[in-house]
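So this one's my_file_25.cif, mmCIF, C-alpha atoms:
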data_input
loop_
_atom_site.group_PDB
_atom_site.id
_atom_site.type_symbol
_atom_site.label_atom_id
_atom_site.label_comp_id
_atom_site.auth_asym_id
_atom_site.auth_seq_id
_atom_site.Cartn_x
_atom_site.Cartn_y
_atom_site.Cartn_z
ATOM 1 C CA MET G 172 4.285 -18.972 -13.185
ATOM 2 C CA SER G 173 0.658 -18.114 -13.802
ATOM 3 C CA PHE G 174 -0.488 -14.701 -14.982
ATOM 4 C CA ARG G 175 -2.052 -14.046 -11.585
ATOM 5 C CA GLU G 176 1.262 -14.732 -9.846
ATOM 6 C CA LYS G 177 3.130 -12.491 -12.281
ATOM 7 C CA HIS G 178 0.623 -9.722 -11.693
ATOM 8 C CA LEU G 179 0.960 -10.074 -7.903
ATOM 9 C CA TRP G 180 4.757 -9.830 -8.143
ATOM 10 C CA ILE G 181 4.390 -6.723 -10.314
ATOM 11 C CA THR G 182 2.006 -5.151 -7.822
ATOM 12 C CA ILE G 183 4.231 -5.961 -4.844
ATOM 13 C CA PHE G 184 7.288 -4.563 -6.626
ATOM 14 C CA ALA G 185 5.557 -1.358 -7.734
ATOM 15 C CA THR G 186 3.919 -0.792 -4.352
ATOM 16 C CA VAL G 187 7.118 -1.268 -2.367
ATOM 17 C CA VAL G 188 9.253 0.891 -4.651
ATOM 18 C CA VAL G 189 6.822 3.797 -5.080
ATOM 19 C CA TRP G 190 5.603 4.051 -1.501
ATOM 20 C CA ALA G 191 9.095 3.531 -0.048
ATOM 21 C CA VAL G 192 10.298 6.544 -2.035
ATOM 22 C CA TYR G 193 7.238 8.591 -1.055
ATOM 23 C CA PHE G 194 7.424 7.811 2.671
ATOM 24 C CA ARG G 195 11.190 8.303 2.700
ATOM 25 C CA GLU G 196 10.604 11.770 1.273
ATOM 26 C CA LEU G 197 7.928 12.446 3.906
ATOM 27 C CA VAL G 198 10.211 11.369 6.760
ATOM 28 C CA ASP G 199 13.091 13.375 5.301
ATOM 29 C CA ARG G 200 10.922 16.498 5.188
ATOM 30 C CA LEU G 201 9.718 15.902 8.740
ATOM 31 C CA MET G 202 13.296 15.504 9.982
ATOM 32 C CA HIS G 203 14.231 18.819 8.382
ATOM 33 C CA GLY G 204 11.421 20.756 10.063
ATOM 34 C CA TRP G 205 9.004 21.012 7.147
ATOM 35 C CA ILE G 206 6.028 20.224 9.387
ATOM 36 C CA ASP G 207 5.878 23.921 10.341
ATOM 37 C CA ASP G 208 6.230 25.153 6.755
ATOM 38 C CA PRO G 209 2.961 26.447 5.235
ATOM 39 C CA ARG G 210 3.866 24.741 1.931
ATOM 40 C CA PHE G 211 4.150 21.299 3.568
ATOM 41 C CA ALA G 212 0.599 20.177 2.703
ATOM 42 C CA THR G 213 0.916 21.359 -0.910
ATOM 43 C CA VAL G 214 4.302 19.740 -1.453
ATOM 44 C CA MET G 215 3.194 16.424 0.050
ATOM 45 C CA GLY G 216 -0.113 16.547 -1.850
ATOM 46 C CA ILE G 217 1.757 16.933 -5.133
ATOM 47 C CA GLY G 218 4.120 14.156 -4.055
ATOM 48 C CA PHE G 219 1.164 11.905 -3.259
ATOM 49 C CA ALA G 220 -0.454 12.549 -6.648
ATOM 50 C CA GLY G 221 2.887 11.910 -8.326
ATOM 51 C CA ALA G 222 3.338 8.648 -6.429
ATOM 52 C CA LEU G 223 -0.099 7.453 -7.526
ATOM 53 C CA PHE G 224 0.656 8.378 -11.137
ATOM 54 C CA VAL G 225 4.012 6.587 -11.124
ATOM 55 C CA LEU G 226 2.449 3.539 -9.454
ATOM 56 C CA VAL G 227 -0.204 3.307 -12.166
ATOM 57 C CA VAL G 228 2.343 3.737 -14.972
ATOM 58 C CA ILE G 229 4.666 1.053 -13.568
ATOM 59 C CA GLU G 230 1.789 -1.391 -13.078
ATOM 60 C CA VAL G 231 0.324 -0.793 -16.542
ATOM 61 C CA VAL G 232 3.664 -1.161 -18.326
ATOM 62 C CA LEU G 233 4.718 -4.289 -16.427
ATOM 63 C CA THR G 234 1.253 -5.855 -16.665
ATOM 64 C CA LEU G 235 1.265 -5.326 -20.431
ATOM 65 C CA PHE G 236 4.665 -7.030 -20.565
ATOM 66 C CA ALA G 237 3.324 -9.922 -18.461
ATOM 67 C CA THR G 238 0.240 -10.137 -20.680
ATOM 68 C CA PHE G 239 2.339 -10.524 -23.816
ATOM 69 C CA THR G 240 4.559 -13.169 -22.202
ATOM 70 C CA THR G 241 1.694 -15.303 -20.878
ATOM 71 C CA PRO G 242 -0.379 -17.650 -23.068
ATOM 72 C CA LYS G 243 -3.928 -16.418 -23.647
ATOM 73 C CA VAL G 244 -5.551 -19.415 -21.974
ATOM 74 C CA ASP G 245 -3.635 -18.754 -18.728
ATOM 75 C CA ARG G 246 -4.708 -15.102 -18.668
ATOM 76 C CA GLU G 247 -8.419 -15.745 -19.058
ATOM 77 C CA THR G 248 -9.041 -18.578 -16.651
ATOM 78 C CA LYS G 249 -9.368 -17.888 -12.975
ATOM 79 C CA ASP G 250 -9.829 -21.136 -11.125
ATOM 80 C CA GLU G 251 -11.373 -21.732 -7.711
ATOM 81 C CA ARG G 252 -7.952 -21.984 -6.092
ATOM 82 C CA GLU G 253 -7.083 -18.428 -7.160
ATOM 83 C CA MET G 254 -10.442 -17.081 -6.021
ATOM 84 C CA LEU G 255 -10.162 -18.818 -2.634
ATOM 85 C CA ALA G 256 -6.611 -17.522 -2.119
ATOM 86 C CA ALA G 257 -7.723 -13.978 -2.961
ATOM 87 C CA TYR G 258 -10.714 -14.281 -0.617
ATOM 88 C CA LYS G 259 -8.605 -15.514 2.320
ATOM 89 C CA ALA G 260 -5.944 -12.862 1.750
ATOM 90 C CA SER G 261 -8.594 -10.124 1.495
ATOM 91 C CA HIS G 262 -10.087 -11.205 4.810
ATOM 92 C CA ILE G 263 -6.717 -11.093 6.570
ATOM 93 C CA SER G 264 -5.909 -7.749 4.954
ATOM 94 C CA LEU G 265 -9.226 -6.272 6.089
ATOM 95 C CA MET G 266 -8.711 -7.455 9.670
ATOM 96 C CA LEU G 267 -5.224 -5.920 9.651
ATOM 97 C CA LEU G 268 -6.560 -2.623 8.301
ATOM 98 C CA ILE G 269 -9.254 -2.543 10.987
ATOM 99 C CA ALA G 270 -6.641 -3.201 13.691
ATOM 100 C CA LEU G 271 -4.358 -0.480 12.336
ATOM 101 C CA VAL G 272 -7.159 2.096 12.117
ATOM 102 C CA ILE G 273 -8.404 1.286 15.625
ATOM 103 C CA SER G 274 -4.835 1.548 16.936
ATOM 104 C CA LEU G 275 -4.460 4.915 15.264
ATOM 105 C CA GLY G 276 -7.752 6.033 16.766
ATOM 106 C CA ILE G 277 -6.578 5.026 20.241
ATOM 107 C CA LEU G 278 -3.295 6.870 19.692
ATOM 108 C CA LEU G 279 -5.198 10.000 18.659
ATOM 109 C CA TRP G 280 -7.472 9.702 21.676
ATOM 110 C CA PHE G 281 -4.433 9.620 23.970
ATOM 111 C CA ASN G 282 -2.970 12.503 21.995
ATOM 112 C CA GLY G 283 -6.053 14.588 22.759
ATOM 113 C CA LEU G 284 -6.124 13.413 26.340
ATOM 114 C CA PHE G 285 -2.579 14.660 26.884
ATOM 115 C CA ARG G 286 -3.152 18.032 25.201
ATOM 116 C CA TYR G 287 -1.866 17.118 21.746
ATOM 117 C CA ALA G 288 1.600 16.103 22.898
ATOM 118 C CA LEU G 289 2.259 13.940 19.821
ATOM 119 C CA PHE G 290 0.524 15.741 16.974
ATOM 120 C CA ASN G 291 0.334 19.491 17.064
ATOM 121 C CA GLY G 292 0.892 22.300 14.583
ATOM 122 C CA PRO G 293 -0.162 23.113 11.031
ATOM 123 C CA GLY G 294 1.320 19.969 9.464
ATOM 124 C CA ALA G 295 -0.179 17.523 11.954
ATOM 125 C CA MET G 296 -3.162 16.673 9.749
ATOM 126 C CA VAL G 297 -0.853 16.025 6.796
ATOM 127 C CA VAL G 298 1.165 13.612 8.919
ATOM 128 C CA LEU G 299 -1.984 11.876 10.163
ATOM 129 C CA ALA G 300 -3.330 11.556 6.621
ATOM 130 C CA ASN G 301 -0.051 9.961 5.587
ATOM 131 C CA VAL G 302 -0.204 7.567 8.540
ATOM 132 C CA MET G 303 -3.638 6.495 7.255
ATOM 133 C CA VAL G 304 -2.166 6.028 3.765
ATOM 134 C CA ALA G 305 0.597 3.911 5.309
ATOM 135 C CA CYS G 306 -2.056 1.760 7.020
ATOM 136 C CA VAL G 307 -3.749 1.133 3.670
ATOM 137 C CA VAL G 308 -0.423 0.404 1.941
ATOM 138 C CA VAL G 309 0.585 -2.112 4.625
ATOM 139 C CA SER G 310 -2.839 -3.752 4.418
ATOM 140 C CA GLU G 311 -2.681 -4.019 0.632
ATOM 141 C CA LEU G 312 0.877 -5.372 0.672
ATOM 142 C CA THR G 313 -0.322 -7.991 3.129
ATOM 143 C CA ARG G 314 -3.143 -8.935 0.762
ATOM 144 C CA PHE G 315 -0.869 -9.183 -2.275
ATOM 145 C CA SER G 316 1.802 -11.149 -0.410
ATOM 146 C CA PHE G 317 -0.585 -13.525 1.291
ATOM 147 C CA THR G 318 -2.446 -14.227 -1.961
ATOM 148 C CA LEU G 319 0.880 -15.006 -3.629
ATOM 149 C CA TYR G 320 1.883 -17.225 -0.709
ATOM 150 C CA LEU G 321 -1.387 -19.177 -0.884
ATOM 151 C CA LEU G 322 -1.136 -19.595 -4.648
ATOM 152 C CA ARG G 323 2.436 -20.856 -4.493
ATOM 153 C CA ARG G 324 1.708 -23.126 -1.520
ATOM 154 C CA GLY G 325 -1.302 -24.635 -3.257
ATOM 155 C CA ARG G 326 0.667 -26.007 -6.194
#

Kindly return the structure encoded in the file as structure tokens.
Amino acid sequence: MSFREKHLWITIFATVVVWAVYFRELVDRLMHGWIDDPRFATVMGIGFAGALFVLVVIEVVLTLFATFTTPKVDRETKDEREMLAAYKASHISLMLLIALVISLGILLWFNGLFRYALFNGPGAMVVLANVMVACVVVSELTRFSFTLYLLRRGR
């Protein structure tokens, strides 16, 4: 397995684990009525910062491990196949992100049209911000996974 493939697996693993825990916590808080709590934004903001920190630590540690277990020549060379796979996956990921953001915009338009039936209250903006974060996470996971798929298929 090339260094690029190892790094993609590390990124997929770290992203899924960290954001699954974060969004599970968000949903748990929403189910227990925290959306009306004035501390909701602060608690979720600290949770978000913590998730980013943990994500970076996991990626750095596992990437260092992958670096030491991969020959130097494999780490330094990035061939055309890897660049093309990354380019194709980035394009698909961007189109997905655009579709998700437009869909969210349409949902918010309908929400306003129907007098804020879906999102209302002090925690609504926190929830919407987290929906945007989820859109970015899904888009990035798509990019990582599709790049890995193209690299493995191209062998």

Output check: residues returned by the PyMOL selection byres ((chain G and resi 175-185) around 10), as a ChimeraX atom specification: /G:172-174,186-191,225-235,237-238,241,245-249,253,311-320,322-323

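Going from atom CA of G:Ile217 to atom CA of G:Arg195 covers 15.0 Å.
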
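Going from atom CA of G:Met296 to atom CA of G:Phe211 covers 10.6 Å.
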
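Nearest-residue note for G:Val302: choosing from G:Phe224, G:Trp280, G:Phe239, G:Phe194, the minimum distance belongs to G:Phe194, counting only C-alpha atoms.
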
Closest of G:Thr213, G:Ser274, G:Asn301, G:Thr240 to G:Tyr193 - atom-to-atom distances counting all atoms listed in the file: G:Asn301

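For the residues G:Val272, G:Leu267, G:Val297, G:Leu284, ranking by smallest atom-to-atom distance to G:Asp207 using all atoms listed in the file places G:Val297 first.
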
Starting from the structure just given, write a file holding stretch 211-224 of chain G with all heavy atoms, as a PDB file, in the first residue's frame.
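To be explicit, this is the file written out as part_12.pdb:
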ATOM      1  N   PHE G 211     -26.096  26.283  25.293  1.00  0.00           N
ATOM      2  CA  PHE G 211     -25.995  25.345  24.172  1.00  0.00           C
ATOM      3  C   PHE G 211     -24.893  25.743  23.181  1.00  0.00           C
ATOM      4  O   PHE G 211     -24.067  24.915  22.800  1.00  0.00           O
ATOM      5  CB  PHE G 211     -27.350  25.244  23.468  1.00  0.00           C
ATOM      6  CG  PHE G 211     -27.390  24.281  22.321  1.00  0.00           C
ATOM      7  CD1 PHE G 211     -27.095  22.940  22.505  1.00  0.00           C
ATOM      8  CD2 PHE G 211     -27.734  24.712  21.054  1.00  0.00           C
ATOM      9  CE1 PHE G 211     -27.143  22.051  21.447  1.00  0.00           C
ATOM     10  CE2 PHE G 211     -27.787  23.830  19.991  1.00  0.00           C
ATOM     11  CZ  PHE G 211     -27.491  22.496  20.179  1.00  0.00           C
ATOM     12  N   ALA G 212     -24.863  27.001  22.777  1.00  0.00           N
ATOM     13  CA  ALA G 212     -23.864  27.456  21.801  1.00  0.00           C
ATOM     14  C   ALA G 212     -22.448  27.330  22.364  1.00  0.00           C
ATOM     15  O   ALA G 212     -21.537  26.880  21.667  1.00  0.00           O
ATOM     16  CB  ALA G 212     -24.143  28.901  21.393  1.00  0.00           C
ATOM     17  N   THR G 213     -22.274  27.676  23.634  1.00  0.00           N
ATOM     18  CA  THR G 213     -20.950  27.592  24.257  1.00  0.00           C
ATOM     19  C   THR G 213     -20.482  26.145  24.365  1.00  0.00           C
ATOM     20  O   THR G 213     -19.340  25.821  24.010  1.00  0.00           O
ATOM     21  CB  THR G 213     -20.979  28.235  25.657  1.00  0.00           C
ATOM     22  OG1 THR G 213     -21.439  29.573  25.531  1.00  0.00           O
ATOM     23  CG2 THR G 213     -19.607  28.214  26.294  1.00  0.00           C
ATOM     24  N   VAL G 214     -21.362  25.288  24.826  1.00  0.00           N
ATOM     25  CA  VAL G 214     -21.014  23.872  24.996  1.00  0.00           C
ATOM     26  C   VAL G 214     -20.660  23.238  23.648  1.00  0.00           C
ATOM     27  O   VAL G 214     -19.657  22.527  23.519  1.00  0.00           O
ATOM     28  CB  VAL G 214     -22.166  23.110  25.687  1.00  0.00           C
ATOM     29  CG1 VAL G 214     -21.939  21.604  25.631  1.00  0.00           C
ATOM     30  CG2 VAL G 214     -22.316  23.580  27.120  1.00  0.00           C
ATOM     31  N   MET G 215     -21.467  23.517  22.626  1.00  0.00           N
ATOM     32  CA  MET G 215     -21.195  22.929  21.313  1.00  0.00           C
ATOM     33  C   MET G 215     -19.967  23.569  20.661  1.00  0.00           C
ATOM     34  O   MET G 215     -19.234  22.912  19.925  1.00  0.00           O
ATOM     35  CB  MET G 215     -22.421  23.040  20.399  1.00  0.00           C
ATOM     36  CG  MET G 215     -23.583  22.149  20.830  1.00  0.00           C
ATOM     37  SD  MET G 215     -23.146  20.438  21.289  1.00  0.00           S
ATOM     38  CE  MET G 215     -22.414  19.815  19.805  1.00  0.00           C
ATOM     39  N   GLY G 216     -19.724  24.843  20.929  1.00  0.00           N
ATOM     40  CA  GLY G 216     -18.513  25.492  20.417  1.00  0.00           C
ATOM     41  C   GLY G 216     -17.253  24.873  20.997  1.00  0.00           C
ATOM     42  O   GLY G 216     -16.271  24.620  20.289  1.00  0.00           O
ATOM     43  N   ILE G 217     -17.280  24.608  22.303  1.00  0.00           N
ATOM     44  CA  ILE G 217     -16.145  23.940  22.948  1.00  0.00           C
ATOM     45  C   ILE G 217     -16.003  22.520  22.412  1.00  0.00           C
ATOM     46  O   ILE G 217     -14.891  22.044  22.145  1.00  0.00           O
ATOM     47  CB  ILE G 217     -16.314  23.959  24.486  1.00  0.00           C
ATOM     48  CG1 ILE G 217     -16.167  25.394  24.994  1.00  0.00           C
ATOM     49  CG2 ILE G 217     -15.311  23.036  25.160  1.00  0.00           C
ATOM     50  CD1 ILE G 217     -16.574  25.580  26.447  1.00  0.00           C
ATOM     51  N   GLY G 218     -17.130  21.844  22.219  1.00  0.00           N
ATOM     52  CA  GLY G 218     -17.094  20.495  21.647  1.00  0.00           C
ATOM     53  C   GLY G 218     -16.519  20.484  20.243  1.00  0.00           C
ATOM     54  O   GLY G 218     -15.747  19.598  19.874  1.00  0.00           O
ATOM     55  N   PHE G 219     -16.880  21.489  19.450  1.00  0.00           N
ATOM     56  CA  PHE G 219     -16.366  21.603  18.086  1.00  0.00           C
ATOM     57  C   PHE G 219     -14.851  21.815  18.097  1.00  0.00           C
ATOM     58  O   PHE G 219     -14.117  21.148  17.364  1.00  0.00           O
ATOM     59  CB  PHE G 219     -17.061  22.754  17.360  1.00  0.00           C
ATOM     60  CG  PHE G 219     -16.585  22.968  15.960  1.00  0.00           C
ATOM     61  CD1 PHE G 219     -17.019  22.141  14.940  1.00  0.00           C
ATOM     62  CD2 PHE G 219     -15.699  23.991  15.657  1.00  0.00           C
ATOM     63  CE1 PHE G 219     -16.581  22.331  13.635  1.00  0.00           C
ATOM     64  CE2 PHE G 219     -15.258  24.184  14.370  1.00  0.00           C
ATOM     65  CZ  PHE G 219     -15.697  23.356  13.361  1.00  0.00           C
ATOM     66  N   ALA G 220     -14.388  22.739  18.937  1.00  0.00           N
ATOM     67  CA  ALA G 220     -12.948  22.992  19.038  1.00  0.00           C
ATOM     68  C   ALA G 220     -12.213  21.737  19.504  1.00  0.00           C
ATOM     69  O   ALA G 220     -11.134  21.399  19.001  1.00  0.00           O
ATOM     70  CB  ALA G 220     -12.684  24.160  19.985  1.00  0.00           C
ATOM     71  N   GLY G 221     -12.816  21.035  20.460  1.00  0.00           N
ATOM     72  CA  GLY G 221     -12.215  19.792  20.936  1.00  0.00           C
ATOM     73  C   GLY G 221     -12.151  18.733  19.854  1.00  0.00           C
ATOM     74  O   GLY G 221     -11.159  18.008  19.725  1.00  0.00           O
ATOM     75  N   ALA G 222     -13.214  18.641  19.050  1.00  0.00           N
ATOM     76  CA  ALA G 222     -13.229  17.664  17.955  1.00  0.00           C
ATOM     77  C   ALA G 222     -12.133  17.977  16.938  1.00  0.00           C
ATOM     78  O   ALA G 222     -11.436  17.062  16.475  1.00  0.00           O
ATOM     79  CB  ALA G 222     -14.598  17.655  17.278  1.00  0.00           C
ATOM     80  N   LEU G 223     -11.971  19.245  16.605  1.00  0.00           N
ATOM     81  CA  LEU G 223     -10.899  19.620  15.678  1.00  0.00           C
ATOM     82  C   LEU G 223      -9.529  19.268  16.244  1.00  0.00           C
ATOM     83  O   LEU G 223      -8.667  18.746  15.528  1.00  0.00           O
ATOM     84  CB  LEU G 223     -10.961  21.116  15.369  1.00  0.00           C
ATOM     85  CG  LEU G 223     -12.061  21.583  14.439  1.00  0.00           C
ATOM     86  CD1 LEU G 223     -12.007  23.100  14.288  1.00  0.00           C
ATOM     87  CD2 LEU G 223     -11.948  20.920  13.081  1.00  0.00           C
ATOM     88  N   PHE G 224      -9.322  19.553  17.524  1.00  0.00           N
ATOM     89  CA  PHE G 224      -8.045  19.253  18.165  1.00  0.00           C
ATOM     90  C   PHE G 224      -7.758  17.754  18.134  1.00  0.00           C
ATOM     91  O   PHE G 224      -6.662  17.318  17.758  1.00  0.00           O
ATOM     92  CB  PHE G 224      -8.035  19.784  19.603  1.00  0.00           C
ATOM     93  CG  PHE G 224      -6.774  19.472  20.346  1.00  0.00           C
ATOM     94  CD1 PHE G 224      -5.617  20.194  20.103  1.00  0.00           C
ATOM     95  CD2 PHE G 224      -6.747  18.442  21.269  1.00  0.00           C
ATOM     96  CE1 PHE G 224      -4.441  19.888  20.774  1.00  0.00           C
ATOM     97  CE2 PHE G 224      -5.581  18.134  21.947  1.00  0.00           C
ATOM     98  CZ  PHE G 224      -4.422  18.858  21.714  1.00  0.00           C
TER      99      PHE G 224
END
